[in-house]
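*Asks:* Provided herewith: protein-v5.pdb, PDB, C-alpha atoms.
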ATOM      1  CA  MET R1499     107.382  89.088  99.154
ATOM      2  CA  SER R1500     106.061  92.611  99.246
ATOM      3  CA  ILE R1501     105.473  92.438  95.500
ATOM      4  CA  VAL R1502     103.311  89.359  96.001
ATOM      5  CA  ILE R1503     101.332  91.092  98.740
ATOM      6  CA  ALA R1504     100.850  94.172  96.561
ATOM      7  CA  VAL R1505      99.697  92.108  93.566
ATOM      8  CA  THR R1506      97.245  90.135  95.691
ATOM      9  CA  ALA R1507      95.900  93.298  97.270
ATOM     10  CA  ALA R1508      95.424  94.858  93.827
ATOM     11  CA  LEU R1509      93.540  91.752  92.640
ATOM     12  CA  LEU R1510      91.282  91.858  95.683
ATOM     13  CA  VAL R1511      90.599  95.568  95.223
ATOM     14  CA  ALA R1512      89.662  94.954  91.585
ATOM     15  CA  ALA R1513      87.337  92.145  92.651
ATOM     16  CA  GLY R1514      85.768  94.441  95.231
ATOM     17  CA  VAL R1515      85.172  97.209  92.714
ATOM     18  CA  LEU R1516      83.493  94.824  90.268
ATOM     19  CA  THR R1517      81.325  93.438  93.048
ATOM     20  CA  PHE R1518      80.339  96.972  94.006
ATOM     21  CA  TYR R1519      79.239  97.541  90.416
ATOM     22  CA  ARG R1520      76.908  94.559  90.651
ATOM     23  CA  LEU R1521      75.743  95.699  94.079
ATOM     24  CA  LEU R1522      74.696  99.072  92.718
ATOM     25  CA  ARG R1523      73.427  97.867  89.368
ATOM     26  CA  GLY R1524      71.733  94.538  90.087
ATOM     27  CA  PRO R1525      68.131  94.742  88.978
ATOM     28  CA  THR R1526      66.738  92.513  91.695
ATOM     29  CA  VAL R1527      67.503  92.115  95.382
ATOM     30  CA  TYR R1528      68.910  88.623  94.810
ATOM     31  CA  ASP R1529      71.749  90.029  92.729
ATOM     32  CA  ARG R1530      72.565  92.369  95.572
ATOM     33  CA  ILE R1531      72.506  89.550  98.113
ATOM     34  CA  VAL R1532      74.956  87.526  96.039
ATOM     35  CA  ALA R1533      77.156  90.622  95.691
ATOM     36  CA  LEU R1534      77.121  91.128  99.464
ATOM     37  CA  GLU R1535      78.132  87.515 100.068
ATOM     38  CA  MET R1536      81.027  88.028  97.705
ATOM     39  CA  LEU R1537      82.015  91.237  99.445
ATOM     40  CA  VAL R1538      82.205  89.335 102.732
ATOM     41  CA  VAL R1539      84.611  86.845 101.171
ATOM     42  CA  VAL R1540      86.724  89.635  99.654
ATOM     43  CA  VAL R1541      86.933  91.379 103.041
ATOM     44  CA  ILE R1542      87.947  88.124 104.722
ATOM     45  CA  SER R1543      90.640  87.567 102.106
ATOM     46  CA  GLY R1544      91.845  91.133 102.590
ATOM     47  CA  VAL R1545      92.198  90.686 106.339
ATOM     48  CA  ALA R1546      94.101  87.424 105.840
ATOM     49  CA  VAL R1547      96.477  89.013 103.304
ATOM     50  CA  ASP R1548      97.062  91.945 105.656
ATOM     51  CA  ALA R1549      97.830  89.580 108.512
ATOM     52  CA  ALA R1550     100.325  87.784 106.284
ATOM     53  CA  ALA R1551     101.913  91.055 105.173
ATOM     54  CA  HIS R1552     102.549  92.413 108.654
ATOM     55  CA  ARG R1553     103.058  88.984 110.249
ATOM     56  CA  GLU R1554     100.626  90.080 112.901
ATOM     57  CA  GLY R1555      97.890  87.594 113.608
ATOM     58  CA  ALA R1556      95.924  89.707 116.032
ATOM     59  CA  ASN R1557      93.272  90.769 113.532
ATOM     60  CA  VAL R1558      92.374  87.282 112.429
ATOM     61  CA  ILE R1559      89.487  87.058 114.867
ATOM     62  CA  LEU R1560      87.825  89.770 112.771
ATOM     63  CA  ILE R1561      87.400  87.191 110.011
ATOM     64  CA  VAL R1562      85.138  84.990 112.081
ATOM     65  CA  ALA R1563      83.021  87.947 113.194
ATOM     66  CA  VAL R1564      82.570  89.277 109.637
ATOM     67  CA  ALA R1565      81.676  85.827 108.296
ATOM     68  CA  LEU R1566      79.080  85.249 110.997
ATOM     69  CA  VAL R1567      77.473  88.659 110.658
ATOM     70  CA  GLY R1568      77.416  88.365 106.869
ATOM     71  CA  PHE R1569      75.723  84.995 106.972
ATOM     72  CA  ILE R1570      73.088  86.032 109.505
ATOM     73  CA  SER R1571      72.286  89.247 107.673
ATOM     74  CA  SER R1572      71.925  87.534 104.290
ATOM     75  CA  VAL R1573      69.620  84.893 105.729
ATOM     76  CA  SER R1574      67.550  87.579 107.475
ATOM     77  CA  VAL R1575      67.160  89.630 104.306
ATOM     78  CA  LEU R1576      66.082  86.546 102.380
ATOM     79  CA  ARG R1577      63.518  85.530 104.931
ATOM     80  CA  LEU R1578      62.036  88.944 105.666
ATOM     81  CA  MET R1579      62.109  90.574 102.226
ATOM     82  CA  PRO R1580      58.589  91.388 100.994
ATOM     83  CA  LYS R1581      58.154  89.951  97.553
ATOM     84  CA  ASP R1582      56.465  92.938  95.997
ATOM     85  CA  ARG R1583      59.429  95.219  96.572
ATOM     86  CA  LEU R1584      62.090  93.501  94.521
TER      87      LEU R1584
ATOM     88  CA  MET C 190     117.246  81.139 105.714
ATOM     89  CA  SER C 191     116.867  77.453 105.094
ATOM     90  CA  ALA C 192     115.769  76.036 101.785
ATOM     91  CA  ALA C 193     112.634  74.533 103.268
ATOM     92  CA  ARG C 194     111.536  77.900 104.610
ATOM     93  CA  THR C 195     112.107  79.513 101.217
ATOM     94  CA  ALA C 196     110.148  76.768  99.480
ATOM     95  CA  VAL C 197     107.254  77.271 101.894
ATOM     96  CA  GLU C 198     107.323  80.999 101.236
ATOM     97  CA  VAL C 199     107.300  80.471  97.457
ATOM     98  CA  LEU C 200     104.321  78.128  97.743
ATOM     99  CA  ALA C 201     102.545  80.570 100.026
ATOM    100  CA  ALA C 202     103.147  83.395  97.564
ATOM    101  CA  ALA C 203     101.745  81.291  94.726
ATOM    102  CA  ALA C 204      98.695  80.419  96.826
ATOM    103  CA  LEU C 205      98.089  84.079  97.669
ATOM    104  CA  ILE C 206      98.221  85.161  94.040
ATOM    105  CA  GLY C 207      96.046  82.223  92.995
ATOM    106  CA  GLY C 208      93.451  83.178  95.570
ATOM    107  CA  GLY C 209      93.426  86.773  94.380
ATOM    108  CA  LEU C 210      93.023  85.648  90.774
ATOM    109  CA  LEU C 211      90.097  83.426  91.696
ATOM    110  CA  ALA C 212      88.416  86.276  93.541
ATOM    111  CA  LEU C 213      88.835  88.428  90.442
ATOM    112  CA  VAL C 214      87.411  85.674  88.225
ATOM    113  CA  GLY C 215      84.397  85.370  90.497
ATOM    114  CA  ALA C 216      83.797  89.103  90.428
ATOM    115  CA  LEU C 217      84.124  89.152  86.626
ATOM    116  CA  GLY C 218      81.522  86.420  86.417
ATOM    117  CA  LEU C 219      79.267  88.403  88.681
ATOM    118  CA  VAL C 220      79.454  91.390  86.356
ATOM    119  CA  ARG C 221      79.221  89.654  83.009
ATOM    120  CA  LEU C 222      76.775  86.804  83.480
ATOM    121  CA  PRO C 223      73.193  87.494  82.395
ATOM    122  CA  ASP C 224      71.017  86.136  85.148
ATOM    123  CA  VAL C 225      70.670  85.577  88.930
ATOM    124  CA  GLY C 226      71.175  81.804  88.726
ATOM    125  CA  ALA C 227      74.368  82.188  86.710
ATOM    126  CA  ARG C 228      75.670  84.924  89.006
ATOM    127  CA  LEU C 229      75.056  82.630  91.940
ATOM    128  CA  GLN C 230      77.448  80.110  90.408
ATOM    129  CA  ALA C 231      80.095  82.791  89.925
ATOM    130  CA  GLY C 232      79.562  84.200  93.352
ATOM    131  CA  THR C 233      80.077  81.069  95.365
ATOM    132  CA  LYS C 234      82.398  78.561  93.694
ATOM    133  CA  PRO C 235      85.504  80.530  92.738
ATOM    134  CA  GLN C 236      85.098  82.632  95.842
ATOM    135  CA  VAL C 237      85.320  79.808  98.321
ATOM    136  CA  LEU C 238      88.258  78.203  96.532
ATOM    137  CA  GLY C 239      89.998  81.574  96.416
ATOM    138  CA  LEU C 240      89.409  81.968 100.136
ATOM    139  CA  ILE C 241      90.908  78.555 100.814
ATOM    140  CA  LEU C 242      93.984  79.429  98.755
ATOM    141  CA  VAL C 243      94.434  82.822 100.425
ATOM    142  CA  CYS C 244      94.159  81.319 103.895
ATOM    143  CA  LEU C 245      96.589  78.560 102.932
ATOM    144  CA  GLY C 246      98.963  81.210 101.669
ATOM    145  CA  ALA C 247      98.628  83.360 104.759
ATOM    146  CA  ALA C 248      98.968  80.512 107.256
ATOM    147  CA  PRO C 249     102.800  80.188 107.196
ATOM    148  CA  PHE C 250     103.156  83.826 108.211
ATOM    149  CA  MET C 251     101.048  83.628 111.320
ATOM    150  CA  GLY C 252     102.644  83.826 114.714
ATOM    151  CA  GLY C 253     101.227  80.700 116.279
ATOM    152  CA  THR C 254      98.751  77.890 116.077
ATOM    153  CA  THR C 255      95.887  79.951 117.505
ATOM    154  CA  GLU C 256      95.812  82.209 114.481
ATOM    155  CA  VAL C 257      96.119  79.297 112.058
ATOM    156  CA  ALA C 258      93.246  77.587 113.851
ATOM    157  CA  THR C 259      91.177  80.770 113.553
ATOM    158  CA  LEU C 260      91.849  80.899 109.814
ATOM    159  CA  ALA C 261      90.852  77.244 109.505
ATOM    160  CA  LEU C 262      87.688  77.974 111.458
ATOM    161  CA  ALA C 263      86.821  80.858 109.137
ATOM    162  CA  VAL C 264      87.366  78.672 106.058
ATOM    163  CA  LEU C 265      85.258  75.893 107.556
ATOM    164  CA  PHE C 266      82.490  78.324 108.374
ATOM    165  CA  GLN C 267      82.497  79.744 104.858
ATOM    166  CA  LEU C 268      82.426  76.218 103.380
ATOM    167  CA  THR C 269      79.387  75.437 105.486
ATOM    168  CA  THR C 270      77.396  78.599 104.947
ATOM    169  CA  ALA C 271      77.987  79.300 101.264
ATOM    170  CA  PRO C 272      75.882  76.333 100.020
ATOM    171  CA  VAL C 273      73.096  77.189 102.447
ATOM    172  CA  LEU C 274      72.924  80.774 101.214
ATOM    173  CA  ALA C 275      73.151  79.717  97.576
ATOM    174  CA  GLN C 276      70.295  77.253  97.982
ATOM    175  CA  MET C 277      68.127  79.821  99.720
ATOM    176  CA  VAL C 278      68.763  82.513  97.120
ATOM    177  CA  GLY C 279      68.138  80.072  94.270
ATOM    178  CA  ARG C 280      64.907  78.830  95.766
ATOM    179  CA  GLU C 281      63.572  82.314  96.475
ATOM    180  CA  ALA C 282      64.540  83.591  93.036
ATOM    181  CA  HIS C 283      62.890  80.628  91.337
ATOM    182  CA  GLN C 284      59.765  81.090  93.405
ATOM    183  CA  SER C 285      59.577  84.722  92.378
ATOM    184  CA  GLY C 286      60.059  83.704  88.766
ATOM    185  CA  ILE C 287      63.178  85.800  88.339
ATOM    186  CA  GLY C 288      65.674  83.717  86.402
ATOM    187  CA  THR C 289      63.521  81.120  84.734
ATOM    188  CA  GLU C 290      63.654  82.289  81.140
ATOM    189  CA  ASN C 291      67.280  81.273  80.626
ATOM    190  CA  LEU C 292      66.857  77.762  81.958
ATOM    191  CA  GLU C 293      66.999  74.839  79.549
ATOM    192  CA  LEU C 294      65.848  72.211  82.026
ATOM    193  CA  ASP C 295      63.623  73.228  84.897
ATOM    194  CA  GLU C 296      63.098  70.301  87.216
ATOM    195  CA  LEU C 297      62.003  72.414  90.139
ATOM    196  CA  ALA C 298      59.047  73.817  88.215
ATOM    197  CA  GLU C 299      58.016  70.304  87.200
ATOM    198  CA  ALA C 300      58.254  69.097  90.781
ATOM    199  CA  ARG C 301      56.339  72.100  91.997
ATOM    200  CA  ASP C 302      53.606  71.562  89.404
ATOM    201  CA  ALA C 303      53.396  67.905  90.348
ATOM    202  CA  ALA C 304      53.071  68.834  94.019
ATOM    203  CA  GLU C 305      50.387  71.365  93.173
ATOM    204  CA  GLY C 306      48.535  68.828  91.096
ATOM    205  CA  GLU C 307      48.467  66.325  93.925
ATOM    206  CA  ARG C 308      47.026  68.788  96.375
TER     207      ARG C 308
END
Represent the structure from my file as structure tokens, please.
*Replies:*
Amino acid sequence: MSIVIAVTAALLVAAGVLTFYRLLRGPTVYDRIVALEMLVVVVISGVAVDAAAHREGANVILIVAVALVGFISSVSVLRLMPKDRL
Amino acid sequence: MSAARTAVEVLAAAALIGGGLLALVGALGLVRLPDVGARLQAGTKPQVLGLILVCLGAAPFMGGTTEVATLALAVLFQLTTAPVLAQMVGREAHQSGIGTENLELDELAEARDAAEGER
């Protein structure tokens, strides 16, 4: 079981690193918004895998908080971004 | 350990690895695809399915039904908000003219021109 947890964690870390590349590189702000949405999902998956690894479900409420804050912040950036500063 | 418990653990392990693979596929698409519209596809579809698989794989290891319900709530929330965000990003990008040179069929531009022509 610990091998499965380690493999999944390695896959999620690789996904996070690639998303960070797009976050730094993306020529427009929309690429960065998509990368941030993906980072939220990777963080949520990481918290769930950690809760499964330690069999400790106390951190699961963090998932809901991160998802909510990520959604609200992405919507705010989209609405309030001035179009001449892409 | 009973056979049913072992079978559940094997399925949960497979679901966890599948979810990690889908997250990696989504991130690869985000890096390699040429254009905002294409990256939007890679950033939402495999991601949400990977999240569902990871939460399904993590659910048997939770202590009680409260944590499983919280995981289900998180998955439900992500299923609801990902299309909303994707639609908003796509609409704003199209309005700014960002990803329109790779499109083969652009129905939104036609509809927008028709709406402009009526005004």
*Asks:* Given a cut-off of 8 Å, which residues of chain R touch chain C, counting all atoms listed in the file, written out as an NGL selection string?
*Replies:* :R and (1499 or 1502-1503 or 1505-1507 or 1509-1510 or 1512-1514 or 1516-1517 or 1519-1520 or 1528-1529 or 1532-1533 or 1535-1536 or 1539-1540 or 1542-1543 or 1546-1547 or 1549-1551 or 1553-1556 or 1558-1559 or 1561-1562 or 1565 or 1569 or 1572-1573 or 1576 or 1581)
*Asks:* Hey, which of R:Val1567, R:Val1545, R:Val1527, R:Val1538 ends up closest to Pro1580 (chain R)? Count all atoms listed in the file.
*Replies:* R:Val1527
*Asks:* Calculate how many Å separate CA of Ala1508 (chain R) from CA of Thr1526 (chain R), rounding to one decimal.
*Replies:*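 These atoms are spaced 28.9 Å apart.
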*Asks:* Could chain R be written out with C-alpha atoms, as a PDB file, in the first residue's frame, please?
*Replies:*
ATOM      1  CA  MET R1499       0.000   0.000   0.000  1.00  0.00           C
ATOM      2  CA  SER R1500       2.793   2.409   0.752  1.00  0.00           C
ATOM      3  CA  ILE R1501       4.187   1.803  -2.726  1.00  0.00           C
ATOM      4  CA  VAL R1502       0.855   2.834  -4.222  1.00  0.00           C
ATOM      5  CA  ILE R1503       0.781   5.982  -2.098  1.00  0.00           C
ATOM      6  CA  ALA R1504       4.351   6.838  -3.091  1.00  0.00           C
ATOM      7  CA  VAL R1505       3.649   6.309  -6.804  1.00  0.00           C
ATOM      8  CA  THR R1506       0.511   8.441  -6.658  1.00  0.00           C
ATOM      9  CA  ALA R1507       2.324  11.176  -4.776  1.00  0.00           C
ATOM     10  CA  ALA R1508       5.124  11.147  -7.359  1.00  0.00           C
ATOM     11  CA  LEU R1509       2.569  11.436 -10.186  1.00  0.00           C
ATOM     12  CA  LEU R1510       0.883  14.366  -8.472  1.00  0.00           C
ATOM     13  CA  VAL R1511       4.204  16.109  -7.870  1.00  0.00           C
ATOM     14  CA  ALA R1512       5.099  15.696 -11.546  1.00  0.00           C
ATOM     15  CA  ALA R1513       1.721  17.127 -12.535  1.00  0.00           C
ATOM     16  CA  GLY R1514       2.289  20.054 -10.189  1.00  0.00           C
ATOM     17  CA  VAL R1515       5.714  20.809 -11.621  1.00  0.00           C
ATOM     18  CA  LEU R1516       4.387  20.799 -15.189  1.00  0.00           C
ATOM     19  CA  THR R1517       1.527  23.065 -14.172  1.00  0.00           C
ATOM     20  CA  PHE R1518       4.009  25.426 -12.546  1.00  0.00           C
ATOM     21  CA  TYR R1519       5.887  25.577 -15.844  1.00  0.00           C
ATOM     22  CA  ARG R1520       2.725  26.715 -17.601  1.00  0.00           C
ATOM     23  CA  LEU R1521       1.982  29.129 -14.766  1.00  0.00           C
ATOM     24  CA  LEU R1522       5.339  30.825 -15.191  1.00  0.00           C
ATOM     25  CA  ARG R1523       5.525  30.592 -18.958  1.00  0.00           C
ATOM     26  CA  GLY R1524       1.966  31.181 -20.166  1.00  0.00           C
ATOM     27  CA  PRO R1525       1.946  34.158 -22.486  1.00  0.00           C
ATOM     28  CA  THR R1526      -1.477  35.425 -21.499  1.00  0.00           C
ATOM     29  CA  VAL R1527      -3.311  35.660 -18.195  1.00  0.00           C
ATOM     30  CA  TYR R1528      -5.847  33.047 -19.310  1.00  0.00           C
ATOM     31  CA  ASP R1529      -3.150  30.387 -19.456  1.00  0.00           C
ATOM     32  CA  ARG R1530      -2.204  31.268 -15.913  1.00  0.00           C
ATOM     33  CA  ILE R1531      -5.810  31.089 -14.742  1.00  0.00           C
ATOM     34  CA  VAL R1532      -6.195  27.611 -16.211  1.00  0.00           C
ATOM     35  CA  ALA R1533      -2.908  26.596 -14.564  1.00  0.00           C
ATOM     36  CA  LEU R1534      -4.143  27.881 -11.200  1.00  0.00           C
ATOM     37  CA  GLU R1535      -7.381  25.919 -11.516  1.00  0.00           C
ATOM     38  CA  MET R1536      -5.332  22.824 -12.184  1.00  0.00           C
ATOM     39  CA  LEU R1537      -3.102  23.530  -9.212  1.00  0.00           C
ATOM     40  CA  VAL R1538      -6.188  23.655  -6.994  1.00  0.00           C
ATOM     41  CA  VAL R1539      -7.217  20.204  -8.203  1.00  0.00           C
ATOM     42  CA  VAL R1540      -3.697  18.829  -7.690  1.00  0.00           C
ATOM     43  CA  VAL R1541      -3.629  20.206  -4.133  1.00  0.00           C
ATOM     44  CA  ILE R1542      -7.030  18.671  -3.409  1.00  0.00           C
ATOM     45  CA  SER R1543      -5.844  15.320  -4.740  1.00  0.00           C
ATOM     46  CA  GLY R1544      -2.704  15.594  -2.626  1.00  0.00           C
ATOM     47  CA  VAL R1545      -4.689  16.200   0.549  1.00  0.00           C
ATOM     48  CA  ALA R1546      -6.960  13.242  -0.226  1.00  0.00           C
ATOM     49  CA  VAL R1547      -3.991  10.929  -0.882  1.00  0.00           C
ATOM     50  CA  ASP R1548      -2.352  12.078   2.353  1.00  0.00           C
ATOM     51  CA  ALA R1549      -5.542  11.403   4.279  1.00  0.00           C
ATOM     52  CA  ALA R1550      -5.651   7.919   2.776  1.00  0.00           C
ATOM     53  CA  ALA R1551      -1.989   7.292   3.587  1.00  0.00           C
ATOM     54  CA  HIS R1552      -2.220   8.183   7.265  1.00  0.00           C
ATOM     55  CA  ARG R1553      -5.832   7.016   7.653  1.00  0.00           C
ATOM     56  CA  GLU R1554      -6.512  10.327   9.303  1.00  0.00           C
ATOM     57  CA  GLY R1555      -9.527  12.133   7.954  1.00  0.00           C
ATOM     58  CA  ALA R1556      -9.126  15.308   9.946  1.00  0.00           C
ATOM     59  CA  ASN R1557      -7.597  17.328   7.119  1.00  0.00           C
ATOM     60  CA  VAL R1558     -10.334  16.628   4.630  1.00  0.00           C
ATOM     61  CA  ILE R1559     -12.162  19.836   5.464  1.00  0.00           C
ATOM     62  CA  LEU R1560      -9.177  21.648   3.942  1.00  0.00           C
ATOM     63  CA  ILE R1561     -10.294  20.358   0.545  1.00  0.00           C
ATOM     64  CA  VAL R1562     -13.573  22.227   0.643  1.00  0.00           C
ATOM     65  CA  ALA R1563     -11.881  25.449   1.748  1.00  0.00           C
ATOM     66  CA  VAL R1564      -9.226  25.287  -1.000  1.00  0.00           C
ATOM     67  CA  ALA R1565     -11.826  24.528  -3.678  1.00  0.00           C
ATOM     68  CA  LEU R1566     -14.025  27.430  -2.624  1.00  0.00           C
ATOM     69  CA  VAL R1567     -11.196  29.933  -2.392  1.00  0.00           C
ATOM     70  CA  GLY R1568      -9.786  28.798  -5.735  1.00  0.00           C
ATOM     71  CA  PHE R1569     -13.107  29.196  -7.479  1.00  0.00           C
ATOM     72  CA  ILE R1570     -13.826  32.635  -6.033  1.00  0.00           C
ATOM     73  CA  SER R1571     -10.352  33.923  -6.812  1.00  0.00           C
ATOM     74  CA  SER R1572     -10.422  32.693 -10.417  1.00  0.00           C
ATOM     75  CA  VAL R1573     -13.815  34.270 -11.022  1.00  0.00           C
ATOM     76  CA  SER R1574     -12.631  37.540  -9.453  1.00  0.00           C
ATOM     77  CA  VAL R1575      -9.506  37.678 -11.601  1.00  0.00           C
ATOM     78  CA  LEU R1576     -11.560  37.042 -14.725  1.00  0.00           C
ATOM     79  CA  ARG R1577     -14.071  39.722 -13.935  1.00  0.00           C
ATOM     80  CA  LEU R1578     -11.690  42.423 -12.740  1.00  0.00           C
ATOM     81  CA  MET R1579      -8.725  41.927 -15.075  1.00  0.00           C
ATOM     82  CA  PRO R1580      -8.140  45.003 -17.258  1.00  0.00           C
ATOM     83  CA  LYS R1581      -7.958  43.917 -20.848  1.00  0.00           C
ATOM     84  CA  ASP R1582      -4.976  46.001 -21.828  1.00  0.00           C
ATOM     85  CA  ARG R1583      -2.665  44.289 -19.369  1.00  0.00           C
ATOM     86  CA  LEU R1584      -2.753  40.733 -20.628  1.00  0.00           C
TER      87      LEU R1584
END
